[in-house]
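Q: Below you'll find the structure I mean.
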Number of protein chains: 4
Amino acid sequence: MRDHRQEIDRKMSRKIDLNCDMGESYGAYRIGFDEALMPLITSANIACGYHAGDPLVMDRTVRLAAQHGVGIGAHPGFPDLLGFGRRQMQLGPEEIENYVLYQVGALAAFARSAGAKLAHVKPHGALYNMAAKDVELARAIARGIARFSKDLIMVCLAGSAMVEAAEEAGLHVAREGFADRAYNLDGTLRSRKLPGALIEDPKRAAERAVKMVRDGVVVAHTGEEIPLHVDTICVHGDTPTAVEIDKTIRGKLEAAGIEVVPMGNFV
Amino acid sequence: MRDHRQEIDRKMSRKIDLNCDMGESYGAYRIGFDEALMPLITSANIACGYHAGDPLVMDRTVRLAAQHGVGIGAHPGFPDLLGFGRRQMQLGPEEIENYVLYQVGALAAFARSAGAKLAHVKPHGALYNMAAKDVELARAIARGIARFSKDLIMVCLAGSAMVEAAEEAGLHVAREGFADRAYNLDGTLRSRKLPGALIEDPKRAAERAVKMVRDGVVVAHTGEEIPLHVDTICVHGDTPTAVEIDKTIRGKLEAAGIEVVPMGNFV
Amino acid sequence: MRDHRQEIDRKMSRKIDLNCDMGESYGAYRIGFDEALMPLITSANIACGYHAGDPLVMDRTVRLAAQHGVGIGAHPGFPDLLGFGRRQMQLGPEEIENYVLYQVGALAAFARSAGAKLAHVKPHGALYNMAAKDVELARAIARGIARFSKDLIMVCLAGSAMVEAAEEAGLHVAREGFADRAYNLDGTLRSRKLPGALIEDPKRAAERAVKMVRDGVVVAHTGEEIPLHVDTICVHGDTPTAVEIDKTIRGKLEAAGIEVVPMGNFV
Amino acid sequence: MRDHRQEIDRKMSRKIDLNCDMGESYGAYRIGFDEALMPLITSANIACGYHAGDPLVMDRTVRLAAQHGVGIGAHPGFPDLLGFGRRQMQLGPEEIENYVLYQVGALAAFARSAGAKLAHVKPHGALYNMAAKDVELARAIARGIARFSKDLIMVCLAGSAMVEAAEEAGLHVAREGFADRAYNLDGTLRSRKLPGALIEDPKRAAERAVKMVRDGVVVAHTGEEIPLHVDTICVHGDTPTAVEIDKTIRGKLEAAGIEVVPMGNFV
C-alpha cells in the first residue's frame, strides 16, 4: 500500500534523490572528493568506522552534509577495514543486526551533535550485495536499523529482497537504481565481471537516469525496456572523473524537469 | 552551587552508587563475571568496542543491566584493544572529543534499543587516569559527552580536574571514590607501584566505603583523615574474588543505613 | 611416491604426532590452558596475531614449546580477531597467499629468536575448513608457505584437497585426523550441526586415535570401517576438560606401543 | 672503534645512502609515490602492517625495491593504524621488543620470498622520535632487532641515544641526517612546532645534504656550523613534490662526486 502510494506521489512530483558514499577516509588516509561532490548530491552515505571512516572523518563529513542541506545517512559495512568492506564475510544474523545497530548509533551521535538528524541507512559494499540476494541477511540489517528507529529510511536495491525485508521491519524504503550499471532482463545488476557491465559514458549514464525517473524504465543490456521504479540513484565519488559525471547526471535530470531533493522529502 | 546542593541532598539521604566495569568480553574472549556481579551493583560502565567490548557483548550487557535496574553507562577508552585501554596514548583534544562521542553514541543505541536510557559516562583506564591530572584532556572528554547530551552524568575522580571540566561543559557530575585503594594526603590515589596501594581485605575496604559515605572522609595512608565526598564507589569485577568483595561492601553499606541506588537517582 | 614411502615408514615405526592450537590469548584476554597441555602434545600450532595471539603471547608460547621439545608451528588465520578466525571470508588467492606468508614470517622470527626452528604450518579455523574443500584456496595457502620455505610441513586434513595442494607446492605433508570427530563414509568430517558429530567420551576418542594409527582406519558414523592414514591427531585445548582428555589419548596411544613424537621426526 | 673505522672508510669513499619510507598504503588506501621514488633512493623503509602497510603492499614494495637494487628495510611502528604510528604510546620495553621482532620477521619473510635480504630496520614515526630521546626505549627496539639478526643495520638519529643502544645490542649502525630539517646547536632536530623547522627549498636542502656528507657538518638554525656525521639521509615520499626534491638532492650529491649507494654497502 504505502509502496504504491509512494510511487504515485513520486511520479506526480517527479522527484529523485542522488546518493553518494562519503566519509571513507581513515586517519592519515584520504579517499574520495567529498568537498567537491557534496554540492551535487542530496544524500550522503557516511562510513561508520567498520570498513572505512573514523570519528574525526565522520564529524567532518556530517557537518559538511548538514551545511549543504544533504541528507545524512549511515553506511554500515563489514568489520573489515583491510578489505574496505568489499569482501564477503559469513556472519550470523545476530552479529549483522548488532553490528548495524552499533554503526548506526555511532553515526547518529555525530548527526545529533551537528543539530541534524539521521535520515537513512544504506548497507555498504559486500554487505549490500549479499543482502540484495539473501533475504535473511536483509532482515538482520533491517532489524538492526529498526532497533534504532523506525523513522529511518533503508536504501534497498530496487526489486531486491531488501525491499521486502525493510518493509517487514516497519522501515521506510528508498529503492535504489544505478545509472552507470547495466541491468539484466530480470532487473538485477549485470555482473561486473561481464563485458558492458559499466556504462562509462557520462551522457549515456545521465540519459539512463532520466529515463528511470521520468518513465520508470531502464533498458536492459539485451535491449528491452524493463520497469524500474527508483527513489534514489547512486552516484560514485571515488574516481577523479566522478565530479564531472555527477554534474552531468544532475544537470540532465534538472533539465528534464525532475526535482533533485533528499530522499527524506518524499519517501 | 549545584555541586554544593547535590552534596547536601546526598548527605541527607545517605545515598551511594556502586559502579563496576562491565561488558569487557570481546568475540571469543571472556573477561569478567557480569552475571554474578550485576545484582550487586547500581551502575554499569559498559565498554564500547574501542579498548574492549563488541556489539554482541554491548547488547547482552545493556539488557542484563536493564533487567536488574542497574544504571547504564558508556565506558569509552583509547582505541587500543591490544593494551585493553590501559596504555597512555598522546592524542589531540579533537581526537579525544570525537572518539568519546563515537563510543557514547554506539552504546546509547543499545540502551535505546533495550528501552532504557544512557545515564552516565565514565572514561576507562589510562584515559581516566590521564584526565584526572590533565584538565585539557578532561575538557575534551566532557565536550564529547556534552555533544551527545548534557543530561548525562560524567563520572569523575573525586577532587580531580575532571570535576571542574565536567561542570564547565554543563554535565552532571558523579564524584568517584575507591574503597580498595590507598589515598595520599592531598586526596589523590596512591600509586599502584608503591606498597600498600591496594586494600585487599574486603572487610577493611567495606569499612572505608561506609566511612566515605557516612562521614565524608577517608583515612590516608599516612593515618590522617581527609575529606572525600563521593557519589559513587568503584567496585571491581575482573577477579574471581570480586563477587565476594562486592557483596561485603554492599552488605556493610546497607547495614549502616545507607541506600545503595543508581547515581541517576540523586546526582 | 614420497607419500607412499612416508606411509610405510610411519607404519613400520608406528609414530604419531599430537598437535594442539596454542597461544590464542590476546592482550589482557586469556584463552586456553597452554602450560598444562604443552607437556602432553608434540606439535603446537601457534596463533600469529591475525585471528588470535599477539607478539608477547607468541614469544611466551614459542619458548614454552621449545622447553618441552614440542614442534613449533605457525597457525595462520583470517584477519578477523572479532570472529576468532572462525567466520568464512571470501578473499582472493593473492590475499590468502600473502596473509599466510606474513603470519608465517612473524611466527618464524620468534622461533628463530628462541633458538628453535619453525617446523610446520596449519591453517586455522574457517581458513582450514574452506581449504579442505577448495583446492584453489589450499593452493594459495601452500604457495604462501612454500615462499617462506619448502622445508616446512603443511598440516592437511587427511584425504582432502589440501594434501594435493601441499604436494604440488613442494611442501612436506602431515595428514591430520580427529579423534573426537565423527567421520562420513567418504572420509570427510561429519558436520558439527548434525547429532553425533562430536565424540565426547575421552576413552572412546582415545580408542579411535589408537585405531587410526595402528590400523589406519576409522569407524564411520554409519558403522563401517574406512581407511584413514594420519600423521598427526588434533587434540583440543580450549575447554577445562581438555587436559584430562589429552592425557587419556596420549596414555592409550603409548600403551598400544605407539611412539608419540613431533611430526618433524617422521614426516 | 667500529664506529670510528666506519667513519674513516665512509669519508674516504664519500658514500651516502638515501632512505625513504615506502609501502605505506593499506588495503584500498593509497599513500606515497613509491614507483616514482624507488629509482631515486638506495634504501626503502617498508611499513610492516602495524602503523601502515599490509601483506599485499609489503610484497609489492619489497619486489619493487629488489628490482631497483634498493636496500630492503623494515619500518616497524606503533600498533596504531588510526594514528599512522605518529602518536606517542607508553608501552613497556617487553612490548616494544616483541612488537619490533614481530614486524621485522614479517617483513623479512617477504624479502626472503623475493630472493633478497633484509638489510636494515628503521623505527617509524613516534617510535623513532621517542627512541631518540629515551635510551631504554631505544634498547628495547635494538633488542627486538638483534633477536632477529645481529647482521642487521639499525637506522639511528645521528648523535642520539639510539646509536649507543644499537651498538650495545651488537647491531650495525647507520646514522641518519635530515636535509630538510633545521638543527639545534646541540645536534638535535628543531621542533616542527617552531618557525623555520622545515627547509622547503629543494636546492637549499640539497646543499645541506652535500655539506653533511662532504664536510661532516650542518649549519644550525642559529648560523653556526656543527659536526654531523651521517651514513644515510632521509628523503620524503608522501608529498606530490617529493619526486622533484629527491631528484634535486640526488643530483647535487652525485655532482659533488659523492657515491649514492645502499647503506649495506659501507656501514
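Going through the C-alpha cells in order, the chains are called A, B, and so on, while each chain numbers its residues from 1 and the ligands are numbered from 1 in the order shown.
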With only C-alpha atoms counted and 6 Å as the cut-off, give the residues of chain C in contact with chain B, each with its shortest interatomic distance in Å and the pair that gives it, as a Markdown table.

A:
```
| residue | atom | partner | partner_atom | distance |
| --- | --- | --- | --- | --- |
| C:Gly27 | CA | B:Leu82 | CA | 4.8 |
| C:Leu82 | CA | B:Gly27 | CA | 4.8 |
| C:Gly83 | CA | B:Gly27 | CA | 5.8 |
```

Q: Could those selected residues go to a file with C-alpha atoms, as a PDB file, in the first residue's frame?

A:
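Just written: out.pdb:
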```
ATOM      1  CA  GLY C  27      46.490  -8.678  25.333  1.00  0.00           C
ATOM      2  CA  LEU C  82      36.439 -10.324  16.381  1.00  0.00           C
ATOM      3  CA  GLY C  83      35.378 -13.659  14.896  1.00  0.00           C
TER       4      GLY C  83
END
```

Q: DSSP on the backbone: which residues in segment 55-232 of chain B end up as helix (DSSP H, G or I)? Give the answer as a PyMOL selection string.

A: chain B and resi 55-67+81-83+93-113+125-133+135-148+161-168+202-215

Q: As a PyMOL selection string, please: the residues near segment 172-182 of chain D (cut-off 7 Å, only C-alpha atoms, same-chain neighbours under 5 positions excluded).

A: chain D and resi 151-158+163+166-167+189-190+196-200+205-206+208-209+220-221+230-234+267

Q: Find the residues near segment 68-74 of chain D: any atom within 9 Å, counting only C-alpha atoms, skip ones fewer than 2 places away on the same chain, and give them as an NGL selection string.

A: :D and (19 or 38-39 or 41-48 or 62-66 or 76 or 103-108 or 111 or 116-123 or 153 or 261-264)

Q: Give me, as a PyMOL selection string, the residues of segment 33-265 of chain B that a backbone DSSP run labels strand (DSSP E).

A: chain B and resi 43-47+71-75+118-121+153-157+172-178+217-219+225-227+232-235+259-260

Q: For Asp246 of chain D, which residue among D:Arg147, D:Arg214, D:Lys203, D:His75 is the nearest when counting only C-alpha atoms?

A: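 So, comparing all the options, the nearest one is D:Lys203.
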
Q: From the options A:Val218, A:Ala126, A:Val213, A:Leu253, which residue's atoms come nearest to Gln90 of chain A, counting only C-alpha atoms?

A: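 Of A:Val218, A:Ala126, A:Val213, A:Leu253, the one nearest Gln90 of chain A, counting only C-alpha atoms, is A:Ala126.
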